[in-house]
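One file, data_39.csv, is given below (CSV, C-alpha atoms).
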chain,number,residue,atom,x,y,z
T,1,MET,CA,4.9,4.1,33.8
T,2,CYS,CA,8.4,5.5,33.1
T,3,SER,CA,10.4,5.0,29.9
T,4,SER,CA,12.6,2.3,31.4
T,5,ASP,CA,9.5,0.3,32.5
T,6,LEU,CA,8.1,0.6,29.0
T,7,GLN,CA,11.3,-0.5,27.4
T,8,ALA,CA,11.5,-3.5,29.7
T,9,ALA,CA,7.9,-4.5,29.1
T,10,ARG,CA,8.3,-4.1,25.3
T,11,GLY,CA,11.5,-6.1,25.3
T,12,ALA,CA,9.9,-8.9,27.3
T,13,ALA,CA,6.9,-9.0,25.0
T,14,ASP,CA,9.1,-8.9,21.8
T,15,ALA,CA,11.1,-11.9,23.2
T,16,VAL,CA,7.9,-13.9,23.5
T,17,LEU,CA,6.7,-12.9,20.1
T,18,ASP,CA,10.0,-13.7,18.5
T,19,ALA,CA,10.4,-17.1,20.1
T,20,GLY,CA,8.9,-18.9,17.1
T,21,GLY,CA,8.5,-18.1,13.4
T,22,GLU,CA,4.7,-18.3,13.2
T,23,LEU,CA,2.6,-15.2,12.5
T,24,THR,CA,0.4,-14.8,15.6
T,25,GLU,CA,-2.1,-12.0,15.8
T,26,PRO,CA,0.0,-9.8,18.2
T,27,ARG,CA,3.1,-10.4,16.1
T,28,LEU,CA,1.1,-9.6,12.9
T,29,ALA,CA,0.1,-6.2,14.3
T,30,ARG,CA,3.7,-5.5,15.3
T,31,ASP,CA,5.4,-6.7,12.1
T,32,LEU,CA,2.8,-5.1,9.8
T,33,GLY,CA,3.4,-1.7,11.3
T,34,ALA,CA,7.1,-2.1,11.0
T,35,ALA,CA,7.0,-3.5,7.4
T,36,LEU,CA,5.0,-0.7,5.8
T,37,PRO,CA,7.2,2.0,4.1
T,38,ASP,CA,7.3,5.6,5.1
T,39,GLY,CA,4.3,7.5,3.8
T,40,SER,CA,2.0,4.6,4.3
T,41,LEU,CA,-1.5,4.5,5.8
T,42,LEU,CA,-2.5,1.8,8.3
T,43,TRP,CA,-6.3,1.4,8.9
T,44,ALA,CA,-6.9,-0.3,12.2
T,45,ALA,CA,-10.1,-2.3,12.7
T,46,SER,CA,-12.0,-2.6,16.0
T,47,SER,CA,-11.8,-5.5,18.5
T,48,LEU,CA,-8.5,-7.3,18.7
T,49,PRO,CA,-6.6,-5.6,15.8
T,50,ILE,CA,-6.6,-2.2,17.4
T,51,ARG,CA,-5.7,-3.6,20.8
T,52,ASP,CA,-2.8,-5.6,19.4
T,53,LEU,CA,-1.6,-2.5,17.6
T,54,ASP,CA,-1.9,-0.4,20.7
T,55,ARG,CA,0.2,-2.9,22.7
T,56,HIS,CA,2.8,-4.0,20.2
T,57,LEU,CA,3.2,-1.4,17.4
T,58,ALA,CA,6.6,0.3,17.9
T,59,VAL,CA,6.7,4.0,17.9
T,60,ARG,CA,7.9,5.2,14.4
T,61,ASP,CA,7.7,8.1,12.0
T,62,GLY,CA,6.3,7.9,8.5
T,63,LEU,CA,3.2,5.9,9.3
T,64,ARG,CA,-0.3,7.4,9.5
T,65,VAL,CA,-2.7,5.3,11.6
T,66,LEU,CA,-6.5,5.8,11.3
T,67,ALA,CA,-9.5,4.0,12.8
T,68,SER,CA,-13.2,4.5,13.3
T,69,ARG,CA,-13.4,2.7,16.6
T,70,GLY,CA,-16.2,4.1,18.8
T,71,ALA,CA,-18.0,5.4,15.8
T,72,SER,CA,-19.1,2.3,13.9
T,73,GLY,CA,-17.8,-0.9,15.6
T,74,ILE,CA,-17.2,-3.4,12.8
T,75,ASP,CA,-19.5,-1.8,10.3
T,76,GLY,CA,-18.2,-0.9,6.9
T,77,LEU,CA,-14.5,-1.3,7.7
T,78,ILE,CA,-13.5,-2.5,4.2
T,79,SER,CA,-15.4,0.5,2.6
T,80,SER,CA,-13.9,2.9,5.2
T,81,ALA,CA,-10.4,1.6,4.6
T,82,THR,CA,-10.9,2.0,0.9
T,83,GLY,CA,-12.1,5.5,1.2
T,84,ALA,CA,-9.3,6.4,3.5
T,85,ALA,CA,-6.7,4.9,1.2
T,86,LEU,CA,-8.1,6.8,-1.8
T,87,ALA,CA,-8.0,10.1,0.0
T,88,HIS,CA,-4.5,9.3,1.4
T,89,GLN,CA,-3.1,8.6,-2.1
T,90,ALA,CA,-4.9,11.4,-3.8
T,91,ALA,CA,-3.1,13.7,-1.4
T,92,GLY,CA,0.3,12.2,-2.4
T,93,GLY,CA,0.5,9.5,0.2
T,94,GLY,CA,1.9,6.0,-0.3
T,95,PRO,CA,0.5,2.5,0.0
T,96,ALA,CA,-2.2,1.6,2.4
T,97,ALA,CA,-3.0,-1.5,4.6
T,98,ALA,CA,-5.9,-2.4,6.7
T,99,LEU,CA,-5.6,-4.8,9.7
T,100,LEU,CA,-9.0,-6.6,10.0
T,101,GLY,CA,-10.4,-9.5,11.9
T,102,ASP,CA,-12.3,-12.1,10.0
T,103,LEU,CA,-15.8,-11.1,11.4
T,104,ALA,CA,-15.2,-7.5,10.5
T,105,PHE,CA,-14.0,-8.5,7.0
T,106,LEU,CA,-17.1,-10.7,6.4
T,107,HIS,CA,-19.4,-8.0,7.9
T,108,ASP,CA,-18.4,-5.7,5.0
T,109,ALA,CA,-17.8,-8.2,2.3
T,110,PRO,CA,-19.8,-6.1,-0.2
T,111,GLY,CA,-17.1,-3.5,0.2
T,112,LEU,CA,-14.9,-5.7,-1.9
T,113,PHE,CA,-17.1,-5.0,-4.9
T,114,ALA,CA,-16.9,-1.8,-6.9
T,115,GLY,CA,-18.3,-0.6,-10.2
T,116,PRO,CA,-16.1,-0.7,-13.4
T,117,GLU,CA,-15.7,3.1,-13.2
T,118,ASP,CA,-14.9,3.3,-9.5
T,119,ALA,CA,-11.4,4.1,-8.4
T,120,ARG,CA,-9.4,1.4,-6.5
T,121,PRO,CA,-6.6,2.3,-4.2
T,122,ASP,CA,-3.3,0.6,-3.5
T,123,LEU,CA,-4.7,-1.3,-0.4
T,124,VAL,CA,-3.8,-4.6,1.1
T,125,LEU,CA,-6.5,-6.0,3.4
T,126,VAL,CA,-4.6,-8.1,6.1
T,127,VAL,CA,-7.1,-10.4,7.6
T,128,ALA,CA,-6.4,-12.3,10.9
T,129,ASN,CA,-8.7,-15.2,10.5
T,130,ASN,CA,-9.4,-17.1,13.7
T,131,ASP,CA,-12.8,-18.3,12.6
T,132,GLY,CA,-14.8,-16.2,15.0
T,133,GLY,CA,-14.8,-13.6,17.6
T,134,GLY,CA,-11.4,-14.0,19.2
T,135,ILE,CA,-11.8,-11.1,21.7
T,136,PHE,CA,-14.5,-13.0,23.5
T,137,SER,CA,-12.2,-16.0,24.3
T,138,ALA,CA,-10.8,-13.9,27.2
T,139,LEU,CA,-14.2,-13.9,28.9
T,140,GLU,CA,-15.2,-16.4,31.6
T,141,GLN,CA,-17.9,-17.7,29.3
T,142,ALA,CA,-15.1,-19.5,27.3
T,143,ALA,CA,-15.1,-22.1,30.1
T,144,LEU,CA,-18.3,-23.4,28.6
T,145,PRO,CA,-17.2,-24.4,25.1
T,146,GLY,CA,-20.5,-25.6,23.7
T,147,PRO,CA,-22.7,-22.6,24.2
T,148,PHE,CA,-19.7,-20.3,24.1
T,149,GLU,CA,-18.9,-21.3,20.5
T,150,ARG,CA,-22.4,-20.7,19.3
T,151,VAL,CA,-23.1,-17.4,21.0
T,152,PHE,CA,-19.7,-15.8,21.4
T,153,GLY,CA,-17.2,-17.7,19.3
T,154,THR,CA,-19.5,-17.6,16.3
T,155,PRO,CA,-17.4,-19.8,14.0
T,156,HIS,CA,-18.3,-19.2,10.3
T,157,ARG,CA,-16.1,-21.5,8.3
T,158,ALA,CA,-16.2,-18.9,5.5
T,159,ARG,CA,-13.7,-19.3,2.6
T,160,LEU,CA,-12.1,-16.0,1.9
T,161,ALA,CA,-10.6,-17.3,-1.3
T,162,GLY,CA,-14.2,-17.6,-2.7
T,163,LEU,CA,-15.0,-14.1,-1.8
T,164,ALA,CA,-11.8,-12.8,-3.3
T,165,ALA,CA,-12.4,-14.7,-6.5
T,166,ALA,CA,-16.0,-13.4,-6.7
T,167,ALA,CA,-14.7,-9.8,-6.3
T,168,GLY,CA,-11.9,-10.4,-8.8
T,169,ILE,CA,-9.1,-9.5,-6.4
T,170,GLY,CA,-6.0,-11.4,-5.4
T,171,ARG,CA,-5.6,-13.3,-2.1
T,172,ILE,CA,-2.7,-15.2,-0.6
T,173,VAL,CA,-2.3,-17.0,2.7
T,174,VAL,CA,0.7,-16.2,5.0
T,175,THR,CA,1.6,-18.2,8.1
T,176,ARG,CA,5.2,-17.4,8.7
T,177,ALA,CA,6.4,-14.0,9.9
T,178,ALA,CA,9.3,-14.0,7.5
T,179,ASP,CA,6.9,-14.1,4.5
T,180,LEU,CA,4.8,-11.1,5.5
T,181,PRO,CA,6.9,-8.2,4.0
T,182,ALA,CA,6.9,-9.8,0.5
T,183,ALA,CA,3.2,-10.7,0.8
T,184,LEU,CA,2.2,-7.0,1.4
T,185,LYS,CA,3.6,-5.9,-2.0
T,186,GLY,CA,1.2,-5.5,-4.9
T,187,ASP,CA,-1.2,-3.2,-6.7
T,188,GLY,CA,-4.9,-2.4,-6.2
T,189,ILE,CA,-7.0,-4.0,-3.6
T,190,ARG,CA,-5.9,-7.5,-2.5
T,191,ILE,CA,-6.1,-9.8,0.6
T,192,VAL,CA,-3.4,-11.3,2.8
T,193,GLU,CA,-5.1,-13.9,5.0
T,194,VAL,CA,-3.3,-15.0,8.2
T,195,PRO,CA,-5.0,-18.1,9.7
T,196,THR,CA,-4.8,-18.0,13.5
T,197,ASP,CA,-6.2,-20.0,16.5
T,198,ARG,CA,-8.5,-18.4,19.0
T,199,PRO,CA,-7.6,-20.4,22.1
T,200,ALA,CA,-3.9,-20.2,21.3
T,201,GLY,CA,-4.2,-16.4,20.8
T,202,THR,CA,-5.8,-16.0,24.2
T,203,ALA,CA,-3.1,-18.0,25.9
T,204,LEU,CA,-0.4,-16.0,24.1
T,205,ARG,CA,-1.8,-12.7,25.2
T,206,ARG,CA,-1.8,-13.9,28.8
T,207,ARG,CA,1.9,-14.9,28.4
T,208,LEU,CA,2.7,-11.5,27.0
T,209,ALA,CA,1.0,-9.7,29.8
T,210,GLY,CA,2.8,-11.9,32.4
T,211,ALA,CA,6.2,-11.5,30.7
T,212,ALA,CA,5.7,-7.7,30.6
T,213,ALA,CA,4.7,-7.5,34.2
T,214,SER,CA,7.6,-9.7,35.4
T,215,ALA,CA,10.0,-7.5,33.4
T,216,VAL,CA,8.7,-4.3,35.1
T,217,THR,CA,8.7,-5.9,38.5
T,218,ALA,CA,12.3,-6.9,38.1
T,219,LEU,CA,13.2,-3.2,37.8
T,220,LEU,CA,11.8,-2.4,41.3
Could you write out this structure as structure tokens?
Amino acid sequence: MCSSDLQAARGAADAVLDAGGELTEPRLARDLGAALPDGSLLWAASSLPIRDLDRHLAVRDGLRVLASRGASGIDGLISSATGAALAHQAAGGGPAAALLGDLAFLHDAPGLFAGPEDARPDLVLVVANNDGGGIFSALEQAALPGPFERVFGTPHRARLAGLAAAAGIGRIVVTRAADLPAALKGDGIRIVEVPTDRPAGTALRRRLAGAAASAVTALL
């Protein structure tokens, strides 16, 4: 794909994302990468977060992106992000953020807890909470909502506020794109929770793919 095709596809996708003010998962990935200051670290979780970043994060300087995809799935992502942030900042780097899905976040909830002598980095955990495994909603099994929800959707109804309180860290909820930059600011480890909807996210990603394809086709 040539540069003009890429620009057309990105412009079409951005137009879809910017059509409303809500913070969808693809827009969260795009806007998070754009909002972090130069010198920042962005830790990308597996599943939908890294895919959304791959499709929508604009090319930019000054941002280091790390991930452990292919090595550990959703295991230990909070702990890995914490270690990466500590190393990044010990070497003179700036603030760090981790983009996580809710299942990855819950899978490593013990990573929120540290001993009184343990160092804590400047790290904001940005959690897209769609109450389950959103990536599976694109499968044909989603046409069978009953068994799909139990086996693939895996809704958990977990309250992230309770986990944050137990770990003694801050947590805020953000639903509007305009509120994200301010929400990222802070000290130590903290949580920015972004509630999203699995079926709506699947439909949005299909619209994004369609808009990008149409934009490229129009160039032919």
Got a sec: who's within 8 Å of range 190-192 of chain T, counting all atoms listed in the file, leaving out chain neighbours fewer than 4 positions off, as number ranges by chain? T: 123-127, 164, 169-174, 183-184, 186
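Nearest-residue note for Asn130 in chain T: choosing from T:Ala9, T:Leu53, T:Ala67, T:Ala104, the minimum distance belongs to T:Ala104, counting all atoms listed in the file.
Using all atoms listed in the file, the smallest distance between any of T:Glu25, T:Asp38, T:Asp108, T:Asp197 and Val65 in chain T comes from T:Asp38.
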Counting all atoms listed in the file, which residues sit no farther than 12 Å from the position (-3.5, -1.2, 21.7) in the file's frame? I'd like them as number ranges by chain. T: 26, 29-30, 44-58, 67, 69
Which residues, protein or nucleic acid, reach to within 7 Å of (1.8, -13.8, 8.9) in the file's coordinates when using only C-alpha atoms, and can you give that as JSON, numbers by chain? {"T": [22, 23, 24, 28, 174, 175, 176, 177, 179, 180, 194]}
Excluding same-chain residues fewer than 5 positions from Arg150 in chain T, what lies within 12 Å of it counting only C-alpha atoms, as a short mmCIF file (atom, residue, chain, number, x, y, z; two decimals) with C-alpha atoms, in the frame of the given file?
data_model
loop_
_atom_site.label_atom_id
_atom_site.label_comp_id
_atom_site.auth_asym_id
_atom_site.auth_seq_id
_atom_site.Cartn_x
_atom_site.Cartn_y
_atom_site.Cartn_z
CA ASP T 131 -12.80 -18.30 12.60
CA GLY T 132 -14.80 -16.20 15.00
CA GLY T 133 -14.80 -13.60 17.60
CA PHE T 136 -14.50 -13.00 23.50
CA GLN T 141 -17.90 -17.70 29.30
CA ALA T 142 -15.10 -19.50 27.30
CA LEU T 144 -18.30 -23.40 28.60
CA PRO T 145 -17.20 -24.40 25.10
CA PRO T 155 -17.40 -19.80 14.00
CA HIS T 156 -18.30 -19.20 10.30
#
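Rounded to one decimal, CA of Gly11 in chain T and CA of Leu32 in chain T lie 17.8 Å from each other.
The two atoms in question, CA of Asp102 in chain T and CA of Ala35 in chain T, are spaced 21.3 Å apart.
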List as a PyMOL selection string the protein and nucleic acid residues near Ala213 in chain T, meaning an atom at most 10 Å away when only C-alpha atoms are counted, but skip any in the same chain fewer than 5 places from it. chain T and resi 5+8-9+12-13+207-208+218
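What separates CA of Pro199 in chain T from CA of Ser137 in chain T is a distance of 6.7 Å.
Among the candidate residues T:Thr82, T:Gly210, T:Glu193, T:Asp118, the one lying nearest to Ala161 in chain T is T:Glu193, with distances computed using all atoms listed in the file.
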Measuring between all atoms listed in the file, which one of T:Ala138, T:Ala182, T:Ala143, T:Ala109 shows the shortest distance to Ala158 in chain T? T:Ala109
Residues at most 12 Å from Glu140 in chain T, counting only C-alpha atoms, excluding those fewer than 5 positions away in the same chain, as number ranges by chain? T: 135, 145, 148, 152, 202
Extract, using only C-alpha atoms, all DNA, RNA and protein residues at most 9 Å from Leu112 in chain T, discarding same-chain residues fewer than 5 positions from it, and format them as a ChimeraX atom specification. /T:78-79,163-164,167-169,189
Would you please work out which residue, of T:Phe105, T:Trp43, T:Val59, T:Gly115, is nearest to Ala81 in chain T when using only C-alpha atoms? T:Trp43
